[in-house]
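Below is one structure, written out as structure tokens; the observations come after it.
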Amino acid sequence: MARVLIVGAGPTGSLCAALLRRELPQRPLRIVLWDKARGAGGRMTTSRSPHNPRCTADLGAQYITLRPAYALKHQSFYEDLLAHGVLKPLTAPVEGMVMEEGSHNFVTPQGISSIVKHYLTESAGADVFYEHHVTQIYLRGGKWEVCKKTGSPEQFDIVVLTIPVPQILQLQGDIVNIIKESQKQQLESVSYSSRYALGLFYEAGTWIDVPWAAQYITNNPCIRFISIDNKKRNIESSEFGPSVVVHTSVPFGTAHLEWDKEKVQPIILDHLENIMPGLPKPTSIKCQKWRYSQVTKAIPSCPGQMTLHIKPLLVCGGDGFTHSNFDGDEVPIKCAAYPKSGATRNKQPVPVKGRKKRVLERIQVDIQMYISHVTRFVIS
């Protein structure tokens with residue numbers, strides 16, 4: 001049975017696992033996901049109050065926007081998420097939002113990480129391990145030996161990297177020499193914005209009296225976005241309190257990127273007090289540093305993925321691997337071709353060992369295809 005490792009349990013990794021399981025149900029495939037965090041979500045993370053886990057706040061992505069260019073192509077994804085109650089239309093007032101004509105916004109009643117958790121559930125049978133921080137990748141006897149910070153190395157037939165591009169470049173081992181110089185230059189050209197996010201959690205019964213559910217801020221040097229998170233998601237209950245999410249501007253995040261979070265948090269709170277004077281005191285606060293918040297420059301020539309090695313397959317995907325101005329049109333996918341051996345051309349019986357190799361090669365091609373589609377959907 002082929003072992004596939006997907007590094008990163010965020011939106012790209014979880015959807016890749018779900019699609020592989022859904023589209024290849026009969027293939028002898030064991031899917032494994034590793035993530036260095038303590039839970040799923042990546043930049044689609046939902047934090048919980050330490051005093052009441054039902055009080056939550058989305059510290060990463062705030063809502064999902066379906067643009068007209070992608071409406072038909074990704075219709076099945078949205079229908080699935082809506083049918084399972086993962087998504088609901090955004091109806092709460094958001095001040096300062098600029099929308100493209102024909103676009104639709106959706107929120108996640110159970111938190112933005114519920115999208116990732118839904119796809120992990122859809123990848124039934126996949127093994128998901130958290131606090132598995134990949135550090136090195138070696139090529140050993142036709143397989144990938146993957147090392148993590150703690151624990152023994154493990155071998156896989158296929159590895160899919162869905163982590164931010166700079167983290168791919170930080171990996172050690174044989175992968176350093178496997179990445180071609182031209183690929184390395186492309187990877188090094190990818191850039192991300194940086195910002196901080198605060199989650200403020202309140203006790204049940206707290207009232208935050210503002211006429212909006214979320215607001216874009218344009219006249220503050222620190223804060224760019226504020227959300228009364230439960231109000232944005234239309235979640236009101238007497239059993240848990242509200243939560244407030246604050247996102248800083250990119251210039252502020254960049255200027256304070258190397259600061260300790262403990263020093264940045266009070267600065268953000270001071271600016272928040274100026275914007276919302278009299279805001280109640282929260283029971284707890286979480287400060288999140290997003291070093292890789294959003295892609296500002298992607299690899300322009302890659303259709304959703306980059307194949308670093310074919311046999312065995314080592315491929316990477318995510319929002320760093322698509323056109324920055326991707327318009328939704330189909331882009332030819334550069335996949336590894338099926339082997340054209342004499343036995344294949346002449347329709348001769350293939351030995352068991354040959355059949356196993358053929359199946360693995362076909363799985364490799366399928367993964368290259370799905371990672372491209374996954375990337376396009378996730379970043380739309």
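For the structure tokens, the naming scheme is as follows: chains receive sequential letters (A, B, ...) according to their order of presentation, residues are indexed from 1 within each chain, and ligands are indexed from 1 in presentation order.
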Nearby residues (only C-alpha atoms) at most 7 Å from stretch 207-218 of chain A, same-chain spacing under 6 positions excluded, as a ChimeraX atom specification: /A:92-97,224-228,231-232
Please provide as an MDAnalysis selection string all residues within 6 Å of stretch 120-130 of chain A, with the sequence filter that same-chain residues fewer than 2 positions apart are discarded (counting only C-alpha atoms). chainID A and resid 14 17:18 21 31:38 117:118 132
So which bits of stretch 46-287 of chain A end up alpha helix (DSSP H) when you DSSP the backbone, as a PyMOL selection string? chain A and resi 68-71+75-83+113-122+165-169+175-178+181-188+229-232+250-255+261-275
Selection file, C-alpha atoms, as a PDB file, in the first residue's frame:
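The resulting file, again.pdb, is reproduced below:
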ATOM      1  CA  PRO A  68     -18.045  35.332 -10.183  1.00  0.00           C
ATOM      2  CA  ALA A  69     -15.004  34.017 -12.060  1.00  0.00           C
ATOM      3  CA  TYR A  70     -14.941  30.906  -9.859  1.00  0.00           C
ATOM      4  CA  ALA A  71     -18.667  30.429  -9.238  1.00  0.00           C
ATOM      5  CA  GLN A  75     -19.887  25.250  -7.352  1.00  0.00           C
ATOM      6  CA  SER A  76     -19.696  21.686  -6.056  1.00  0.00           C
ATOM      7  CA  PHE A  77     -17.328  22.691  -3.241  1.00  0.00           C
ATOM      8  CA  TYR A  78     -19.627  25.432  -2.008  1.00  0.00           C
ATOM      9  CA  GLU A  79     -22.741  23.292  -2.359  1.00  0.00           C
ATOM     10  CA  ASP A  80     -21.071  20.618  -0.231  1.00  0.00           C
ATOM     11  CA  LEU A  81     -20.045  23.075   2.494  1.00  0.00           C
ATOM     12  CA  LEU A  82     -23.476  24.740   2.522  1.00  0.00           C
ATOM     13  CA  ALA A  83     -25.302  21.400   2.608  1.00  0.00           C
ATOM     14  CA  SER A 113     -11.377  25.955  11.125  1.00  0.00           C
ATOM     15  CA  SER A 114     -14.592  23.955  10.641  1.00  0.00           C
ATOM     16  CA  ILE A 115     -13.845  24.016   6.890  1.00  0.00           C
ATOM     17  CA  VAL A 116     -10.556  22.223   7.451  1.00  0.00           C
ATOM     18  CA  LYS A 117     -12.132  19.824   9.952  1.00  0.00           C
ATOM     19  CA  HIS A 118     -14.875  19.015   7.448  1.00  0.00           C
ATOM     20  CA  TYR A 119     -12.336  17.999   4.827  1.00  0.00           C
ATOM     21  CA  LEU A 120     -10.341  15.987   7.338  1.00  0.00           C
ATOM     22  CA  THR A 121     -13.554  14.101   8.128  1.00  0.00           C
ATOM     23  CA  GLU A 122     -14.125  13.598   4.391  1.00  0.00           C
ATOM     24  CA  VAL A 165       7.074  28.567   0.631  1.00  0.00           C
ATOM     25  CA  PRO A 166       9.734  30.011   3.002  1.00  0.00           C
ATOM     26  CA  GLN A 167       9.259  26.960   5.249  1.00  0.00           C
ATOM     27  CA  ILE A 168       9.863  24.676   2.261  1.00  0.00           C
ATOM     28  CA  LEU A 169      13.155  26.459   1.620  1.00  0.00           C
ATOM     29  CA  ILE A 175      15.708  18.120  -0.678  1.00  0.00           C
ATOM     30  CA  VAL A 176      18.237  20.972  -0.687  1.00  0.00           C
ATOM     31  CA  ASN A 177      20.006  19.471  -3.733  1.00  0.00           C
ATOM     32  CA  ILE A 178      16.840  18.027  -5.284  1.00  0.00           C
ATOM     33  CA  GLU A 181      18.340  26.149  -9.193  1.00  0.00           C
ATOM     34  CA  SER A 182      15.571  27.516 -11.440  1.00  0.00           C
ATOM     35  CA  GLN A 183      12.947  26.229  -9.002  1.00  0.00           C
ATOM     36  CA  LYS A 184      14.818  27.685  -6.062  1.00  0.00           C
ATOM     37  CA  GLN A 185      14.866  31.098  -7.712  1.00  0.00           C
ATOM     38  CA  GLN A 186      11.119  30.893  -8.280  1.00  0.00           C
ATOM     39  CA  LEU A 187      10.490  29.808  -4.697  1.00  0.00           C
ATOM     40  CA  GLU A 188      12.666  32.604  -3.346  1.00  0.00           C
ATOM     41  CA  ASP A 229     -16.737  37.595  15.896  1.00  0.00           C
ATOM     42  CA  ASN A 230     -19.828  35.863  17.246  1.00  0.00           C
ATOM     43  CA  LYS A 231     -22.018  38.655  15.806  1.00  0.00           C
ATOM     44  CA  LYS A 232     -20.346  38.301  12.419  1.00  0.00           C
ATOM     45  CA  VAL A 250       0.503  44.995   7.167  1.00  0.00           C
ATOM     46  CA  PRO A 251       2.934  47.928   7.729  1.00  0.00           C
ATOM     47  CA  PHE A 252       2.502  47.563  11.498  1.00  0.00           C
ATOM     48  CA  GLY A 253       2.948  43.796  11.292  1.00  0.00           C
ATOM     49  CA  THR A 254       6.075  44.129   9.177  1.00  0.00           C
ATOM     50  CA  ALA A 255       7.601  46.783  11.436  1.00  0.00           C
ATOM     51  CA  LYS A 261       4.155  39.118  21.181  1.00  0.00           C
ATOM     52  CA  GLU A 262       4.091  40.196  24.820  1.00  0.00           C
ATOM     53  CA  LYS A 263       5.439  43.608  23.783  1.00  0.00           C
ATOM     54  CA  VAL A 264       3.209  43.999  20.733  1.00  0.00           C
ATOM     55  CA  GLN A 265      -0.078  43.106  22.440  1.00  0.00           C
ATOM     56  CA  PRO A 266      -0.326  46.220  24.697  1.00  0.00           C
ATOM     57  CA  ILE A 267       0.402  48.499  21.724  1.00  0.00           C
ATOM     58  CA  ILE A 268      -2.507  46.984  19.796  1.00  0.00           C
ATOM     59  CA  LEU A 269      -4.769  47.249  22.840  1.00  0.00           C
ATOM     60  CA  ASP A 270      -3.932  50.955  23.233  1.00  0.00           C
ATOM     61  CA  HIS A 271      -4.982  51.606  19.645  1.00  0.00           C
ATOM     62  CA  LEU A 272      -8.109  49.515  20.146  1.00  0.00           C
ATOM     63  CA  GLU A 273      -9.047  51.664  23.153  1.00  0.00           C
ATOM     64  CA  ASN A 274      -8.776  54.767  20.971  1.00  0.00           C
ATOM     65  CA  ILE A 275     -11.063  53.246  18.358  1.00  0.00           C
TER      66      ILE A 275
END
As a PyMOL selection string, which residues of stretch 247-321 of chain A does DSSP assign to strand (DSSP E or B)? chain A and resi 247-248+284-290+295-297+305-309+313-317
Would you write out those residues with C-alpha atoms, as a short mmCIF file (atom, residue, chain, number, x, y, z; two decimals), in the first residue's frame?
data_model
loop_
_atom_site.label_atom_id
_atom_site.label_comp_id
_atom_site.auth_asym_id
_atom_site.auth_seq_id
_atom_site.Cartn_x
_atom_site.Cartn_y
_atom_site.Cartn_z
CA HIS A 247 -6.18 42.44 12.77
CA THR A 248 -3.31 44.87 12.45
CA SER A 284 -8.54 36.43 28.34
CA ILE A 285 -6.61 37.56 25.28
CA LYS A 286 -4.71 35.62 22.64
CA CYS A 287 -2.09 37.28 20.43
CA GLN A 288 -1.27 35.59 17.12
CA LYS A 289 1.69 36.53 14.94
CA TRP A 290 1.06 35.78 11.25
CA VAL A 295 0.73 35.96 -0.52
CA THR A 296 1.73 39.29 -2.07
CA LYS A 297 3.75 37.74 -4.89
CA GLN A 305 1.77 23.19 -7.89
CA MET A 306 5.48 22.60 -8.38
CA THR A 307 6.88 19.12 -8.89
CA LEU A 308 10.29 18.89 -7.24
CA HIS A 309 10.88 15.19 -7.98
CA LEU A 313 6.94 12.04 -6.21
CA LEU A 314 7.70 15.17 -4.19
CA VAL A 315 5.26 17.99 -4.97
CA CYS A 316 4.31 21.24 -3.29
CA GLY A 317 1.22 23.39 -3.56
#
Option closest in space to A:Gln26, from A:Arg48, A:Asn105, A:Asp319, A:Met1 [counting only C-alpha atoms]: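 Closest residue, counting only C-alpha atoms: A:Met1.
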Here is a test: counting only C-alpha atoms, which residue of A:Gly111, A:Gly13, A:Gly85, A:Gly141 is nearest to A:Pro53? A:Gly111
Measuring atom to atom with only C-alpha atoms, identify which of A:Gly42, A:Gly318, A:Gly304, A:Pro89 is nearest to A:Ala61. A:Gly42
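Of the residues listed (A:Arg3, A:Arg233, A:Lys311, A:Lys180), A:Arg233 shows the shortest atom-to-atom separation from A:Ile64; distances use only C-alpha atoms.
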Grab the atom CA of A:Lys148 to atom CA of A:Thr45 distance for me, in Å with one decimal place.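 We find that atom CA of A:Lys148 and atom CA of A:Thr45 lie 22.5 Å from each other.
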